[in-house]
$ cat start25.cif   # mmCIF, C-alpha atoms
data_model
#
loop_
_atom_site.label_atom_id
_atom_site.label_comp_id
_atom_site.auth_asym_id
_atom_site.auth_seq_id
_atom_site.Cartn_x
_atom_site.Cartn_y
_atom_site.Cartn_z
CA MET A 289 235.83 159.04 172.87
CA ALA A 290 234.15 156.71 175.35
CA ILE A 291 233.05 159.68 177.47
CA ARG A 292 231.40 161.33 174.44
CA TYR A 293 229.63 158.11 173.58
CA GLU A 294 228.31 157.71 177.13
CA ALA A 295 227.17 161.35 177.17
CA ALA A 296 225.34 160.87 173.85
CA VAL A 297 223.60 157.73 175.11
CA SER A 298 222.68 159.45 178.37
CA SER A 299 221.25 162.44 176.49
CA TRP A 300 219.28 160.16 174.17
CA TRP A 301 217.87 158.18 177.10
CA ARG A 302 216.72 161.37 178.85
CA LEU A 303 214.78 162.34 175.73
CA VAL A 304 213.24 158.86 175.44
CA TRP A 305 212.32 159.02 179.13
CA LEU A 306 210.60 162.37 178.56
CA SER A 307 208.79 160.88 175.58
CA MET A 308 207.61 157.98 177.78
CA GLY A 309 206.18 160.54 180.20
CA LEU A 310 204.48 162.27 177.29
CA GLN A 311 202.92 158.96 176.20
CA LEU A 312 201.53 158.41 179.70
CA HIS A 313 200.17 161.97 179.73
CA ARG A 314 198.36 161.35 176.45
CA TYR A 315 196.78 158.20 177.84
CA GLY A 316 195.50 160.15 180.83
CA ARG A 317 194.31 163.00 178.66
CA GLY A 318 192.28 160.63 176.50
CA SER A 319 189.52 158.28 177.55
CA ARG A 320 190.60 156.87 180.90
CA LEU A 321 187.66 154.47 180.85
CA GLY A 322 188.78 153.17 177.46
CA PHE A 323 192.32 152.63 178.74
CA ILE A 324 191.06 150.82 181.86
CA LEU A 325 188.77 148.62 179.76
CA SER A 326 191.63 147.71 177.41
CA VAL A 327 193.72 146.63 180.41
CA LEU A 328 190.85 144.66 181.93
CA GLU A 329 189.90 142.98 178.63
CA PRO A 330 192.22 139.97 179.07
CA LEU A 331 190.87 139.41 182.59
CA ALA A 332 187.34 139.53 181.18
CA VAL A 333 188.28 137.01 178.47
CA ILE A 334 189.93 134.68 181.01
CA THR A 335 186.91 134.81 183.30
CA ALA A 336 184.40 134.38 180.46
CA MET A 337 186.20 131.35 179.00
CA TYR A 338 186.59 129.87 182.49
CA VAL A 339 182.85 130.20 183.14
CA ILE A 340 181.79 128.96 179.68
CA ARG A 341 184.06 125.94 179.77
CA GLY A 342 183.01 125.22 183.33
CA LEU A 343 179.34 125.20 182.32
CA PHE A 344 179.77 122.84 179.36
CA ARG A 345 182.78 120.69 180.20
CA GLY A 346 183.34 121.16 183.90
CA LYS A 347 186.27 122.93 185.52
CA GLU A 348 188.83 120.19 184.99
CA ALA A 349 192.06 121.75 183.72
CA VAL A 350 193.11 121.13 180.12
CA TYR A 351 196.61 120.80 181.54
CA GLY A 352 197.93 121.15 185.08
CA THR A 353 195.83 121.57 188.18
CA SER A 354 193.92 124.78 187.39
CA LEU A 355 191.72 125.61 184.41
CA PHE A 356 191.91 129.33 185.25
CA LEU A 357 195.73 129.21 185.20
CA PHE A 358 195.77 127.34 181.89
CA ILE A 359 193.53 129.93 180.22
CA ALA A 360 195.42 132.84 181.80
CA SER A 361 198.79 131.46 180.66
CA GLY A 362 197.52 131.61 177.07
CA VAL A 363 195.45 134.79 177.11
CA LEU A 364 198.03 137.02 178.82
CA PRO A 365 200.97 136.56 176.40
CA TYR A 366 198.58 136.75 173.45
CA PHE A 367 197.06 140.03 174.65
CA LEU A 368 200.53 141.36 175.43
CA PHE A 369 201.29 141.11 171.71
CA LEU A 370 197.85 142.40 170.73
CA ARG A 371 197.98 145.50 172.92
CA LEU A 372 201.57 146.41 172.11
CA SER A 373 200.95 146.09 168.38
CA THR A 374 197.79 148.19 168.76
CA ARG A 375 199.56 150.92 170.75
CA THR A 376 202.46 150.99 168.31
CA ARG A 377 200.03 151.20 165.40
CA GLY A 378 198.41 154.26 166.99
CA THR A 379 201.69 156.03 167.82
CA GLU A 380 201.90 159.61 166.55
CA THR A 381 205.37 159.94 165.04
CA GLY A 382 204.97 163.14 163.04
CA PRO A 383 207.37 166.06 163.63
CA ARG A 384 204.66 167.95 165.53
CA SER A 385 204.02 165.01 167.85
CA ARG A 386 207.54 164.17 168.95
CA LEU A 387 210.02 166.04 171.10
CA PRO A 388 212.86 167.96 169.40
CA GLY A 389 215.87 165.71 168.90
CA LEU A 390 213.84 162.49 168.76
CA SER A 391 213.26 160.44 165.63
CA ALA A 392 210.11 158.50 164.81
CA LEU A 393 211.92 155.30 165.87
CA ASP A 394 212.68 156.85 169.27
CA VAL A 395 208.97 157.55 169.74
CA TYR A 396 208.16 153.95 168.85
CA ILE A 397 210.70 152.78 171.43
CA ALA A 398 209.18 155.05 174.10
CA THR A 399 205.69 153.74 173.30
CA ILE A 400 206.82 150.13 173.48
CA LEU A 401 208.66 150.64 176.78
CA VAL A 402 205.68 152.34 178.45
CA ASN A 403 203.18 149.72 177.38
CA ALA A 404 205.52 146.79 177.96
CA LEU A 405 206.09 147.90 181.55
CA ILE A 406 202.33 148.26 182.11
CA TRP A 407 201.54 144.81 180.74
CA ILE A 408 204.46 143.02 182.37
CA PHE A 409 203.38 144.49 185.70
CA MET A 410 199.83 143.29 185.06
CA ILE A 411 200.97 139.76 184.13
CA VAL A 412 203.11 139.53 187.26
CA ALA A 413 200.24 140.86 189.41
CA ILE A 414 197.76 138.33 187.99
CA PHE A 415 200.13 135.39 188.48
CA LEU A 416 200.95 136.58 191.99
CA GLY A 417 197.24 136.88 192.74
CA MET A 418 196.59 133.31 191.51
CA TRP A 419 199.48 132.01 193.61
CA LEU A 420 198.24 133.81 196.73
CA TYR A 421 194.78 132.42 196.03
CA GLY A 422 196.22 128.92 196.31
CA ILE A 423 197.11 127.91 192.75
CA ASP A 424 200.61 126.57 193.37
CA GLN A 425 201.46 126.16 189.67
CA ALA A 426 200.99 129.92 189.21
CA ARG A 427 204.55 130.14 190.52
CA PRO A 428 206.39 129.60 187.22
CA TYR A 429 208.70 126.64 186.87
CA SER A 430 211.26 128.88 185.15
CA ILE A 431 210.93 132.66 185.16
CA ALA A 432 213.81 132.90 182.66
CA THR A 433 211.98 130.63 180.22
CA CYS A 434 208.81 132.73 180.60
CA ALA A 435 210.75 135.96 180.07
CA GLN A 436 212.25 134.98 176.70
CA PRO A 437 208.96 134.66 174.75
CA ILE A 438 207.64 137.76 176.53
CA VAL A 439 210.56 139.83 175.20
CA LEU A 440 210.10 138.39 171.70
CA LEU A 441 206.33 139.03 171.78
CA ILE A 442 207.08 142.65 172.72
CA LEU A 443 209.44 143.00 169.75
CA PHE A 444 206.96 141.20 167.49
CA GLY A 445 204.24 143.61 168.58
CA MET A 446 206.53 146.53 167.80
CA GLY A 447 207.32 145.27 164.31
CA VAL A 448 203.72 144.44 163.42
CA GLY A 449 202.54 147.72 164.95
CA MET A 450 205.00 149.75 162.85
CA ILE A 451 203.82 148.00 159.68
CA ASN A 452 200.18 148.67 160.57
CA ASN A 453 200.98 152.27 161.46
CA VAL A 454 202.15 152.86 157.88
CA ILE A 455 199.24 150.94 156.34
CA THR A 456 196.74 152.95 158.40
CA ARG A 457 198.12 156.21 156.96
CA TYR A 458 196.81 155.12 153.57
CA ILE A 459 193.93 152.77 154.48
CA THR A 460 191.95 154.14 157.44
CA ALA A 461 189.73 151.06 157.68
CA TRP A 462 192.76 148.87 158.35
CA ASN A 463 192.38 149.54 162.10
CA SER A 464 189.04 147.75 162.20
CA ILE A 465 190.13 145.00 159.82
CA PHE A 466 193.25 144.17 161.85
CA ALA A 467 191.28 144.19 165.13
CA VAL A 468 188.87 141.58 163.76
CA LEU A 469 191.67 139.44 162.34
CA THR A 470 193.73 139.39 165.54
CA ARG A 471 190.80 138.56 167.78
CA GLY A 472 189.79 135.72 165.50
CA LEU A 473 193.38 134.49 165.44
CA ILE A 474 193.20 133.78 169.16
CA PHE A 475 191.56 130.41 168.36
CA LEU A 476 194.58 129.37 166.25
CA SER A 477 197.20 130.51 168.74
CA GLY A 478 197.06 127.65 171.23
CA VAL A 479 195.47 129.93 173.81
CA PHE A 480 192.56 127.67 174.81
CA PHE A 481 193.95 124.31 173.65
CA ILE A 482 197.17 122.32 173.65
CA VAL A 483 198.52 122.54 170.10
CA ASP A 484 200.03 119.04 170.19
CA ILE A 485 196.68 117.34 170.83
CA GLN A 486 194.50 119.39 168.48
CA PRO A 487 192.96 117.65 165.43
CA ILE A 488 195.55 117.42 162.63
CA ARG A 489 193.77 119.96 160.42
CA TRP A 490 193.65 122.62 163.14
CA ARG A 491 197.11 121.76 164.43
CA ALA A 492 198.62 122.44 161.00
CA TRP A 493 197.14 125.96 160.98
CA SER A 494 198.17 126.62 164.57
CA ILE A 495 201.76 125.62 163.86
CA LEU A 496 201.90 128.12 160.98
CA ASN A 497 200.81 130.89 163.36
CA PRO A 498 203.95 132.33 165.04
CA LEU A 499 201.92 133.48 168.05
CA SER A 500 201.14 129.87 168.97
CA HIS A 501 204.87 129.25 169.40
CA GLY A 502 205.16 132.26 171.71
CA VAL A 503 202.23 131.05 173.82
CA GLU A 504 203.55 127.49 173.90
CA TRP A 505 207.02 128.67 174.92
CA PHE A 506 205.56 130.81 177.71
CA ARG A 507 203.53 127.86 179.02
CA LEU A 508 206.66 125.71 178.96
CA GLY A 509 208.18 128.19 181.40
CA VAL A 510 205.07 128.13 183.58
CA TYR A 511 204.58 124.36 183.79
CA GLY A 512 208.04 122.96 183.08
CA ARG A 513 206.79 119.78 181.38
CA TYR A 514 204.19 121.27 179.06
CA PRO A 515 203.72 119.31 175.77
CA HIS A 516 205.79 121.20 173.21
CA ASN A 517 206.62 118.91 170.29
CA SER A 518 205.22 121.52 167.89
CA LEU A 519 207.27 124.37 169.43
CA ASP A 520 209.73 125.82 166.93
CA ILE A 521 211.69 128.63 168.58
CA SER A 522 213.74 129.45 165.48
CA TYR A 523 210.54 129.83 163.43
CA PHE A 524 209.15 132.27 165.99
CA VAL A 525 212.40 134.26 166.14
CA GLU A 526 212.47 134.49 162.34
CA TRP A 527 208.97 135.99 162.31
CA VAL A 528 209.97 138.54 164.95
CA LEU A 529 213.09 139.61 163.04
CA ILE A 530 211.21 139.80 159.72
CA ALA A 531 208.42 141.89 161.27
CA LEU A 532 210.96 144.30 162.81
CA PHE A 533 212.90 144.58 159.56
CA ILE A 534 209.81 145.22 157.42
CA GLY A 535 208.46 147.65 160.03
CA LEU A 536 211.67 149.70 159.97
CA VAL A 537 211.86 149.66 156.15
CA VAL A 538 208.26 150.69 155.47
CA ASP A 539 208.37 153.35 158.19
CA ARG A 540 211.51 154.87 156.66
CA ALA A 541 209.94 154.68 153.21
CA ALA A 542 206.78 156.48 154.35
CA LEU A 543 208.63 159.08 156.45
CA ARG A 544 208.62 161.78 153.76
CA THR A 545 204.85 161.55 153.40
CA LEU A 546 204.39 161.80 157.14
CA ASP A 547 206.74 164.79 157.46
CA ARG A 548 204.88 166.67 154.74
CA ASN A 549 201.69 166.29 156.76
#
$ encode --input "start25.cif" --output "structure tokens"
Amino acid sequence: MAIRYEAAVSSWWRLVWLSMGLQLHRYGRGSRLGFILSVLEPLAVITAMYVIRGLFRGKEAVYGTSLFLFIASGVLPYFLFLRLSTRTRGTETGPRSRLPGLSALDVYIATILVNALIWIFMIVAIFLGMWLYGIDQARPYSIATCAQPIVLLILFGMGVGMINNVITRYITAWNSIFAVLTRGLIFLSGVFFIVDIQPIRWRAWSILNPLSHGVEWFRLGVYGRYPHNSLDISYFVEWVLIALFIGLVVDRAALRTLDRN
């Protein structure tokens, strides 16, 4: 019985692995410039905010010893969620788009794995580059603490992306609407500020935003003693689980419509 189970899992993983290769092939077949720009966007945002803040307020760090590191430690986890939710939203899960033997959920998993690996590699490379440049705090205080919110942000991106994938089937304009909303949400996600020392009115909105807890948790792993009185891990986990549950339910509910197309 155990041998059959292992053989089934091995067969399933080979199909998912092939689907991951297919996802990479589709990226290469599409606009390579667009893909490169999407990867470089967080670096552009980090640099732009570093320059703008340096011009108006000087280059003194909001927290820690490096302003660039502080901005990067907020932008990178936020864009990890943004890009994974966007890629999941654009996943083609119809019967003509997936390999025989794979379900729509398997294709979602392949998409998430491919993009998660790309973005984790990029985050590691950027932090390594900052450390080699001489920013000592770019060496995280606790890699394990940094990894936990990263995993949850990946799952959160998957859940939100699945929900948006279904919505987009019926409302084409939702792609543009969601893009505007998520980019505006960056200012309420604790990316450029410390949530605990924001004005009370803005802090209340930031605390309601689950992404701010993911960013704050990641920074706690980077700095070790980062202010985190507003961090509520259970609240963040609840949002992740709810998003995954709703994503699975609405995707199953809309499956018949997709298969007919």
$ atom_distance --input "start25.cif" --atom1 "atom CA of A:Glu526" --atom2 "atom CA of A:Ile438"
15.3 Å
$ atom_distance --input "start25.cif" --atom1 "atom CA of A:Phe367" --atom2 "atom CA of A:Arg491"
20.9 Å
$ atom_distance --input "start25.cif" --atom1 "atom CA of A:Val395" --atom2 "atom CA of A:Ala541"
16.8 Å
$ residues_around --input "start25.cif" --residues "A:Ser373" --least-positions-apart "6" --cutoff "9 Å" --atoms "all atoms listed in the file" --output "ChimeraX atom specification"
/A:400,442,444-450,452
$ write_last_selection --input "start25.cif" --atoms "C-alpha atoms" --output "mmCIF file, in the frame of the given file"
data_model
loop_
_atom_site.group_PDB
_atom_site.id
_atom_site.type_symbol
_atom_site.label_atom_id
_atom_site.label_comp_id
_atom_site.auth_asym_id
_atom_site.auth_seq_id
_atom_site.Cartn_x
_atom_site.Cartn_y
_atom_site.Cartn_z
ATOM 1 C CA ILE A 400 206.820 150.130 173.480
ATOM 2 C CA ILE A 442 207.080 142.650 172.720
ATOM 3 C CA PHE A 444 206.960 141.200 167.490
ATOM 4 C CA GLY A 445 204.240 143.610 168.580
ATOM 5 C CA MET A 446 206.530 146.530 167.800
ATOM 6 C CA GLY A 447 207.320 145.270 164.310
ATOM 7 C CA VAL A 448 203.720 144.440 163.420
ATOM 8 C CA GLY A 449 202.540 147.720 164.950
ATOM 9 C CA MET A 450 205.000 149.750 162.850
ATOM 10 C CA ASN A 452 200.180 148.670 160.570
#
$ closest_atom_pairs --input "start25.cif" --of "stretch 352-427 of chain A" --to "stretch 454-472 of chain A" --cutoff "9 Å" --atoms "all atoms listed in the file" --output "CSV"
residue,atom,partner,partner_atom,distance
A:Leu370,CA,A:Thr470,CA,7.3
A:Thr374,CA,A:Ala467,CA,8.5
A:Arg377,CA,A:Thr456,CA,7.9
A:Gly378,CA,A:Thr456,CA,8.8
$ closest_residue --input "start25.cif" --among "A:Ile485, A:Asp424, A:Ile334, A:Thr433" --to "A:Thr353" --atoms "all atoms listed in the file"
A:Asp424
